[in-house]
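*Asks:* Here it is, the structure in full.
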Amino acid sequence: MKHRIVVLGAGYAGAYAAGTLARRLSPDDTEITVVNAEPEFVQRLRLHQLAAGQEIEAPRLTEVFAGTRVRLRLGRVTAVDPDRQVIAVTGADGDGELGYDTLVYALGSHVAHGGVPGVAEHAFDVTGRPSALRLRERLDSLDRPGGKGEGRNVLVVGDGLTGIETATEIAESRPGLSVTLIARGELGAPLSPGARAHLRRACDRLGVTVLEHTAVETVEATRVRCADGTVLPSDATVWTAGFAVAPLAAAAGLAVTENGRIVVDGTMRSVSHPNVYAAGDSAHAVGDNGRPLPMSCASAGYTGRQATAAIVGRLTGREVPKSKLEYVGNHISLGRRDGILQMVDGEARAKPKFMGGRKAARIKAGILGMSLWATSHPTFGLPKRRNRLTTAPKAAAERAVV
């Protein structure tokens with residue numbers, strides 16, 4: 001019987017992990033299945049562009065995994081049972097259970113409502129392709145040709161990187177709309193003084209109104225209420241104030257943090273279930289600086305590479321290598337022609353120098369382009385030798401029924 005590897009999620013971490021494992025492990029010993037809710041690879045870091053009205057590539061996963069022997073199952077994971085070593089799936093390819101011997105958990109994250117009333121019912125977000133398209137449809141209805149969108153208000157709540165990129169992208173792509181960015185603290189607080197000044201100038205240039213030290217208390221259909229009593233009219237409220245992971249891992253009994261991320265060791269292996277690995281936003285991984293890695297594309301790359309290297313090493317009896325787990329900085333787009341590149345030190349503090357302007361925007365676009373290419377070609381550049389397993393698969397009688 002072949003060793004069954006199941007990868008949950010085909011984002012930046014999951015797609016890379018599945019393709020890499022297929023390239024490095026012998027098909028005589030392993031079978032690899034990816035479970036994903038959507039048929040396309042989603043460039044999550046460009047969803048604010050999609051929402052603003054631009055077209056972004058969305059390669060079909062059948063094409064991404066063509067020739068890799070990776071099986072694709074379209075569906076949503078509804079439960080994980082680590083005792084029986086099965087997952088429950090419902091979706092386009094049917095409902096049922098799927099058994100595994102090694103599980104790679106890379107389901108990513110979604111928008112966090114933060115307990116604020118009305119967010120789920122009335123706010124938009126850009127954490128998934130369907131939700132970004134829903135926002136785009138709403139903006140299309142507001143931003144009519146001939147300047148008829150003038151006077152329509154778009155509120156972006158949250159001054160993290162997603163909020164900044166979303167507000168500036170919408171303002172640049174749809175100048176007929178009035179865009180307001182609501183910041184709970186100082187705008188760009190984690191950035192260096194020079195980068196913060198550059199960000200403010202960009203917002204001024206694009207016509208983005210910034211409200212600092214403002215907390216949203218309630219989201220309603222046509223307005224938001226702030227903690228200080230201020231009421232702001234809104235034709236579209238975009239919620240970017242944090243991210244959360246699905247409760248599946250916690251419900252399964254895996255060791256998780258308070259916010260539900262899977263606690264892993266330095267090889268991305270669950271500290272409670274040794275045949276489960278986590279990568280991307282789902283993993284609570286401690287970086288080389290002793291701090292948890294942030295939810296980001298870069299972290300997905302680091303954790304995905306480490307998880308696949310550990311799985312290959314352990315299954316083939318080789319040494320398990322340790323990858324660098326670094327947090328080096330942030331790349332922020334401010335529309336299509338401006339951006340900020342802010343590096344950080346070993347304590348995750350912004351370095352005094354930064355890069356801003358068109359060059360920073362081109363670097364950010366280049367990084368995203370390389371990430372897309374690498375994900376769409378998951379086996380490129382890897383050794384062609386497929387290693388045989390030394391770990392004996394379980395006897396058929398001990399296997400869960402699929």
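Naming works like this for the structure tokens: A, B, ... for the chains as they're shown, residue 1 at the start of each chain, ligands 1 onward in shown order.
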Based on the backbone DSSP call, show me all residues of stretch 163-383 of chain A assigned alpha helix (DSSP H), as a JSON list (two decimals) with C-alpha atoms, in the first residue's frame.

*Replies:*
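The new file selection34.json reads:
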[["chain", "number", "residue", "atom", "x", "y", "z"],
["A", 163, "GLY", "CA", -6.00, 48.05, 4.39],
["A", 164, "ILE", "CA", -3.37, 50.44, 3.04],
["A", 165, "GLU", "CA", -3.06, 48.58, -0.25],
["A", 166, "THR", "CA", -6.83, 48.27, -0.67],
["A", 167, "ALA", "CA", -7.55, 51.93, 0.03],
["A", 168, "THR", "CA", -4.83, 53.26, -2.28],
["A", 169, "GLU", "CA", -5.68, 50.79, -5.06],
["A", 170, "ILE", "CA", -9.37, 51.69, -5.08],
["A", 171, "ALA", "CA", -8.59, 55.39, -4.93],
["A", 172, "GLU", "CA", -6.22, 55.17, -7.90],
["A", 173, "SER", "CA", -8.41, 52.88, -10.01],
["A", 193, "PRO", "CA", 9.52, 57.93, 9.95],
["A", 194, "GLY", "CA", 10.50, 58.43, 6.32],
["A", 195, "ALA", "CA", 8.24, 55.62, 5.12],
["A", 196, "ARG", "CA", 5.33, 56.98, 7.16],
["A", 197, "ALA", "CA", 5.80, 60.40, 5.56],
["A", 198, "HIS", "CA", 5.90, 58.79, 2.11],
["A", 199, "LEU", "CA", 2.67, 56.92, 2.89],
["A", 200, "ARG", "CA", 0.93, 60.10, 3.95],
["A", 201, "ARG", "CA", 1.99, 61.87, 0.78],
["A", 202, "ALA", "CA", 0.68, 58.96, -1.28],
["A", 203, "CYS", "CA", -2.69, 59.11, 0.46],
["A", 204, "ASP", "CA", -2.86, 62.87, -0.11],
["A", 205, "ARG", "CA", -1.95, 62.45, -3.78],
["A", 206, "LEU", "CA", -4.61, 59.79, -4.31],
["A", 248, "LEU", "CA", -10.91, 22.96, 12.27],
["A", 249, "ALA", "CA", -7.51, 22.29, 13.85],
["A", 250, "ALA", "CA", -8.71, 23.20, 17.33],
["A", 251, "ALA", "CA", -11.85, 21.08, 16.93],
["A", 252, "ALA", "CA", -9.66, 18.15, 15.83],
["A", 297, "CYS", "CA", 3.33, 35.19, 1.49],
["A", 298, "ALA", "CA", 6.97, 35.12, 2.58],
["A", 299, "SER", "CA", 6.10, 33.09, 5.67],
["A", 300, "ALA", "CA", 4.13, 30.69, 3.49],
["A", 301, "GLY", "CA", 7.25, 30.16, 1.40],
["A", 302, "TYR", "CA", 9.53, 29.56, 4.36],
["A", 303, "THR", "CA", 7.17, 27.22, 6.19],
["A", 304, "GLY", "CA", 6.15, 25.36, 3.04],
["A", 305, "ARG", "CA", 9.75, 24.63, 2.12],
["A", 306, "GLN", "CA", 10.61, 23.50, 5.63],
["A", 307, "ALA", "CA", 7.57, 21.23, 5.88],
["A", 308, "THR", "CA", 8.29, 19.48, 2.56],
["A", 309, "ALA", "CA", 11.98, 19.06, 3.39],
["A", 310, "ALA", "CA", 11.07, 17.51, 6.75],
["A", 311, "ILE", "CA", 8.52, 15.13, 5.23],
["A", 312, "VAL", "CA", 10.95, 13.96, 2.55],
["A", 313, "GLY", "CA", 13.74, 13.54, 5.09],
["A", 314, "ARG", "CA", 11.71, 11.53, 7.55],
["A", 315, "LEU", "CA", 10.01, 9.30, 4.98],
["A", 316, "THR", "CA", 13.24, 8.49, 3.16],
["A", 358, "ARG", "CA", 8.10, 53.55, -8.70],
["A", 359, "LYS", "CA", 11.16, 51.42, -8.03],
["A", 360, "ALA", "CA", 9.57, 49.97, -4.90],
["A", 361, "ALA", "CA", 6.37, 49.33, -6.86],
["A", 362, "ARG", "CA", 8.32, 47.50, -9.58],
["A", 363, "ILE", "CA", 10.12, 45.36, -6.98],
["A", 364, "LYS", "CA", 6.80, 44.45, -5.34],
["A", 365, "ALA", "CA", 5.29, 43.55, -8.71],
["A", 366, "GLY", "CA", 8.36, 41.48, -9.54],
["A", 367, "ILE", "CA", 8.16, 39.55, -6.27],
["A", 368, "LEU", "CA", 4.49, 38.79, -6.85],
["A", 369, "GLY", "CA", 5.22, 37.73, -10.41],
["A", 370, "MET", "CA", 7.94, 35.35, -9.26],
["A", 371, "SER", "CA", 5.66, 33.95, -6.55],
["A", 372, "LEU", "CA", 2.97, 33.24, -9.15],
["A", 373, "TRP", "CA", 5.45, 31.61, -11.53],
["A", 374, "ALA", "CA", 7.00, 29.47, -8.80],
["A", 375, "THR", "CA", 3.59, 28.33, -7.58],
["A", 376, "SER", "CA", 2.38, 27.62, -11.12]]

*Asks:* Write out as CSV the residues of stretch 165-281 of chain A that have any atom within 12 Å of an atom of stretch 106-118 of chain A, one row each with the nearest atom pair and its distance in Å to one decimal, counting only C-alpha atoms, sorted by chain and then rising number.

*Replies:*
residue,atom,partner,partner_atom,distance
A:Ala215,CA,A:Val116,CA,10.3
A:Val216,CA,A:Val116,CA,7.8
A:Glu217,CA,A:Val116,CA,6.2
A:Thr218,CA,A:Pro117,CA,5.2
A:Val219,CA,A:Gly118,CA,4.6
A:Glu220,CA,A:Gly118,CA,5.8
A:Ala221,CA,A:Gly118,CA,8.1
A:Thr222,CA,A:Gly118,CA,11.0
A:Arg223,CA,A:Gly118,CA,10.4
A:Val224,CA,A:Gly118,CA,9.1
A:Arg225,CA,A:Pro117,CA,10.3
A:Cys226,CA,A:Val116,CA,10.9
A:Ala227,CA,A:Val116,CA,11.2
A:Thr237,CA,A:Gly118,CA,10.5
A:Val238,CA,A:Val111,CA,10.6
A:Trp239,CA,A:Val111,CA,7.7
A:Thr240,CA,A:Val111,CA,6.9
A:Ala241,CA,A:Ala112,CA,7.0
A:Gly242,CA,A:Ala112,CA,5.3
A:Phe243,CA,A:Ala112,CA,4.5
A:Ala244,CA,A:Ala112,CA,5.0
A:Val245,CA,A:Ser109,CA,4.4
A:Ala246,CA,A:Ser109,CA,6.8
A:Pro247,CA,A:Ser109,CA,10.4
A:Leu248,CA,A:Leu107,CA,9.6
A:Ala249,CA,A:Leu107,CA,10.0
A:Asn259,CA,A:Ala112,CA,10.5
A:Gly260,CA,A:Ser109,CA,10.4
A:Arg261,CA,A:Ser109,CA,9.5
A:Ile262,CA,A:Ala106,CA,10.2
A:Met268,CA,A:Ala106,CA,11.0
A:Val276,CA,A:Ala106,CA,10.7
A:Tyr277,CA,A:Ala106,CA,8.6
A:Ala278,CA,A:Ala106,CA,5.9
A:Ala279,CA,A:Ala106,CA,5.2
A:Gly280,CA,A:Ala106,CA,5.9
A:Asp281,CA,A:Gly108,CA,4.7

*Asks:* Just list as a ChimeraX atom specification whatever in stretch 46-157 of chain A DSSP marks as strand (DSSP E).

*Replies:* /A:71-74,76-81,86-90,96-99,102-105,110-111,153-157

*Asks:* Hey, can you spit out that residue selection with N, CA and C atoms as a PDB file, in the first residue's frame?

*Replies:*
ATOM      1  N   ARG A  71      -3.091  14.471  -7.316  1.00  0.00           N
ATOM      2  CA  ARG A  71      -4.535  14.391  -7.501  1.00  0.00           C
ATOM      3  C   ARG A  71      -5.186  15.631  -6.888  1.00  0.00           C
ATOM      4  N   LEU A  72      -6.139  16.184  -7.591  1.00  0.00           N
ATOM      5  CA  LEU A  72      -6.853  17.358  -7.096  1.00  0.00           C
ATOM      6  C   LEU A  72      -8.270  16.967  -6.735  1.00  0.00           C
ATOM      7  N   ARG A  73      -8.673  17.288  -5.536  1.00  0.00           N
ATOM      8  CA  ARG A  73     -10.058  17.080  -5.113  1.00  0.00           C
ATOM      9  C   ARG A  73     -10.651  18.423  -4.737  1.00  0.00           C
ATOM     10  N   LEU A  74     -11.670  18.832  -5.487  1.00  0.00           N
ATOM     11  CA  LEU A  74     -12.312  20.113  -5.237  1.00  0.00           C
ATOM     12  C   LEU A  74     -13.370  19.940  -4.160  1.00  0.00           C
ATOM     13  N   ARG A  76     -14.563  21.498   0.151  1.00  0.00           N
ATOM     14  CA  ARG A  76     -14.254  22.226   1.376  1.00  0.00           C
ATOM     15  C   ARG A  76     -14.061  21.232   2.522  1.00  0.00           C
ATOM     16  N   VAL A  77     -12.976  21.403   3.250  1.00  0.00           N
ATOM     17  CA  VAL A  77     -12.708  20.536   4.389  1.00  0.00           C
ATOM     18  C   VAL A  77     -13.634  20.941   5.535  1.00  0.00           C
ATOM     19  N   THR A  78     -14.395  19.987   6.033  1.00  0.00           N
ATOM     20  CA  THR A  78     -15.342  20.287   7.109  1.00  0.00           C
ATOM     21  C   THR A  78     -14.905  19.726   8.457  1.00  0.00           C
ATOM     22  N   ALA A  79     -13.978  18.764   8.458  1.00  0.00           N
ATOM     23  CA  ALA A  79     -13.510  18.202   9.723  1.00  0.00           C
ATOM     24  C   ALA A  79     -12.219  17.432   9.500  1.00  0.00           C
ATOM     25  N   VAL A  80     -11.411  17.369  10.555  1.00  0.00           N
ATOM     26  CA  VAL A  80     -10.193  16.568  10.552  1.00  0.00           C
ATOM     27  C   VAL A  80     -10.267  15.630  11.752  1.00  0.00           C
ATOM     28  N   ASP A  81     -10.039  14.338  11.525  1.00  0.00           N
ATOM     29  CA  ASP A  81     -10.056  13.351  12.598  1.00  0.00           C
ATOM     30  C   ASP A  81      -8.674  12.712  12.669  1.00  0.00           C
ATOM     31  N   VAL A  86      -8.393  10.668   9.000  1.00  0.00           N
ATOM     32  CA  VAL A  86      -9.255  10.983   7.872  1.00  0.00           C
ATOM     33  C   VAL A  86      -9.674  12.446   7.958  1.00  0.00           C
ATOM     34  N   ILE A  87     -10.038  12.993   6.823  1.00  0.00           N
ATOM     35  CA  ILE A  87     -10.635  14.320   6.763  1.00  0.00           C
ATOM     36  C   ILE A  87     -11.997  14.188   6.089  1.00  0.00           C
ATOM     37  N   ALA A  88     -12.920  15.051   6.446  1.00  0.00           N
ATOM     38  CA  ALA A  88     -14.235  15.083   5.820  1.00  0.00           C
ATOM     39  C   ALA A  88     -14.263  16.216   4.809  1.00  0.00           C
ATOM     40  N   VAL A  89     -14.777  15.921   3.613  1.00  0.00           N
ATOM     41  CA  VAL A  89     -14.792  16.891   2.525  1.00  0.00           C
ATOM     42  C   VAL A  89     -16.187  16.955   1.923  1.00  0.00           C
ATOM     43  N   THR A  90     -16.610  18.170   1.585  1.00  0.00           N
ATOM     44  CA  THR A  90     -17.855  18.346   0.856  1.00  0.00           C
ATOM     45  C   THR A  90     -17.615  19.337  -0.268  1.00  0.00           C
ATOM     46  N   GLY A  96     -17.583  13.132   1.347  1.00  0.00           N
ATOM     47  CA  GLY A  96     -17.052  11.883   1.868  1.00  0.00           C
ATOM     48  C   GLY A  96     -15.819  12.098   2.703  1.00  0.00           C
ATOM     49  N   GLU A  97     -15.135  11.002   2.995  1.00  0.00           N
ATOM     50  CA  GLU A  97     -13.924  11.044   3.794  1.00  0.00           C
ATOM     51  C   GLU A  97     -12.718  10.681   2.945  1.00  0.00           C
ATOM     52  N   LEU A  98     -11.593  11.235   3.337  1.00  0.00           N
ATOM     53  CA  LEU A  98     -10.339  10.982   2.643  1.00  0.00           C
ATOM     54  C   LEU A  98      -9.297  10.627   3.692  1.00  0.00           C
ATOM     55  N   GLY A  99      -8.679   9.461   3.557  1.00  0.00           N
ATOM     56  CA  GLY A  99      -7.699   9.024   4.530  1.00  0.00           C
ATOM     57  C   GLY A  99      -6.302   9.514   4.210  1.00  0.00           C
ATOM     58  N   THR A 102       0.191  11.028   6.045  1.00  0.00           N
ATOM     59  CA  THR A 102       0.826  12.307   6.379  1.00  0.00           C
ATOM     60  C   THR A 102      -0.091  13.419   5.902  1.00  0.00           C
ATOM     61  N   LEU A 103      -0.340  14.384   6.770  1.00  0.00           N
ATOM     62  CA  LEU A 103      -1.234  15.492   6.441  1.00  0.00           C
ATOM     63  C   LEU A 103      -0.455  16.799   6.451  1.00  0.00           C
ATOM     64  N   VAL A 104      -0.630  17.596   5.399  1.00  0.00           N
ATOM     65  CA  VAL A 104      -0.064  18.942   5.339  1.00  0.00           C
ATOM     66  C   VAL A 104      -1.232  19.919   5.426  1.00  0.00           C
ATOM     67  N   TYR A 105      -1.310  20.642   6.517  1.00  0.00           N
ATOM     68  CA  TYR A 105      -2.424  21.545   6.787  1.00  0.00           C
ATOM     69  C   TYR A 105      -2.004  22.956   6.359  1.00  0.00           C
ATOM     70  N   HIS A 110      -8.766  33.734   6.937  1.00  0.00           N
ATOM     71  CA  HIS A 110      -9.869  34.522   6.404  1.00  0.00           C
ATOM     72  C   HIS A 110     -10.008  35.795   7.233  1.00  0.00           C
ATOM     73  N   VAL A 111     -10.919  36.654   6.838  1.00  0.00           N
ATOM     74  CA  VAL A 111     -11.075  37.919   7.540  1.00  0.00           C
ATOM     75  C   VAL A 111     -11.582  37.659   8.959  1.00  0.00           C
ATOM     76  N   ASN A 153     -19.232  56.979  -1.024  1.00  0.00           N
ATOM     77  CA  ASN A 153     -18.195  56.799  -0.015  1.00  0.00           C
ATOM     78  C   ASN A 153     -17.802  55.335   0.151  1.00  0.00           C
ATOM     79  N   VAL A 154     -16.499  55.086   0.108  1.00  0.00           N
ATOM     80  CA  VAL A 154     -15.954  53.768   0.390  1.00  0.00           C
ATOM     81  C   VAL A 154     -15.106  53.884   1.649  1.00  0.00           C
ATOM     82  N   LEU A 155     -15.439  53.116   2.676  1.00  0.00           N
ATOM     83  CA  LEU A 155     -14.672  53.118   3.919  1.00  0.00           C
ATOM     84  C   LEU A 155     -13.846  51.840   4.001  1.00  0.00           C
ATOM     85  N   VAL A 156     -12.558  51.985   4.210  1.00  0.00           N
ATOM     86  CA  VAL A 156     -11.678  50.836   4.410  1.00  0.00           C
ATOM     87  C   VAL A 156     -11.272  50.844   5.877  1.00  0.00           C
ATOM     88  N   VAL A 157     -11.679  49.824   6.603  1.00  0.00           N
ATOM     89  CA  VAL A 157     -11.415  49.753   8.047  1.00  0.00           C
ATOM     90  C   VAL A 157     -10.213  48.849   8.289  1.00  0.00           C
TER      91      VAL A 157
END

*Asks:* State, in Å with one decimal place, the distance from atom CA of A:Pro59 to atom CA of A:Leu45.

*Replies:*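 One can read the atom CA of A:Pro59 to atom CA of A:Leu45 distance as 14.7 Å.
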
*Asks:* In terms of the shortest atom-to-atom distance over only C-alpha atoms, which of A:His331, A:Arg129, A:Pro175, A:Asn289 is closest to A:Arg144?

*Replies:*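 Of all the options, A:Pro175 lies closest to A:Arg144.
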
*Asks:* As an exercise, work out the distance from atom CA of A:Lys324 to atom CA of A:His377 in Å and give it to one decimal place.

*Replies:* 22.3 Å
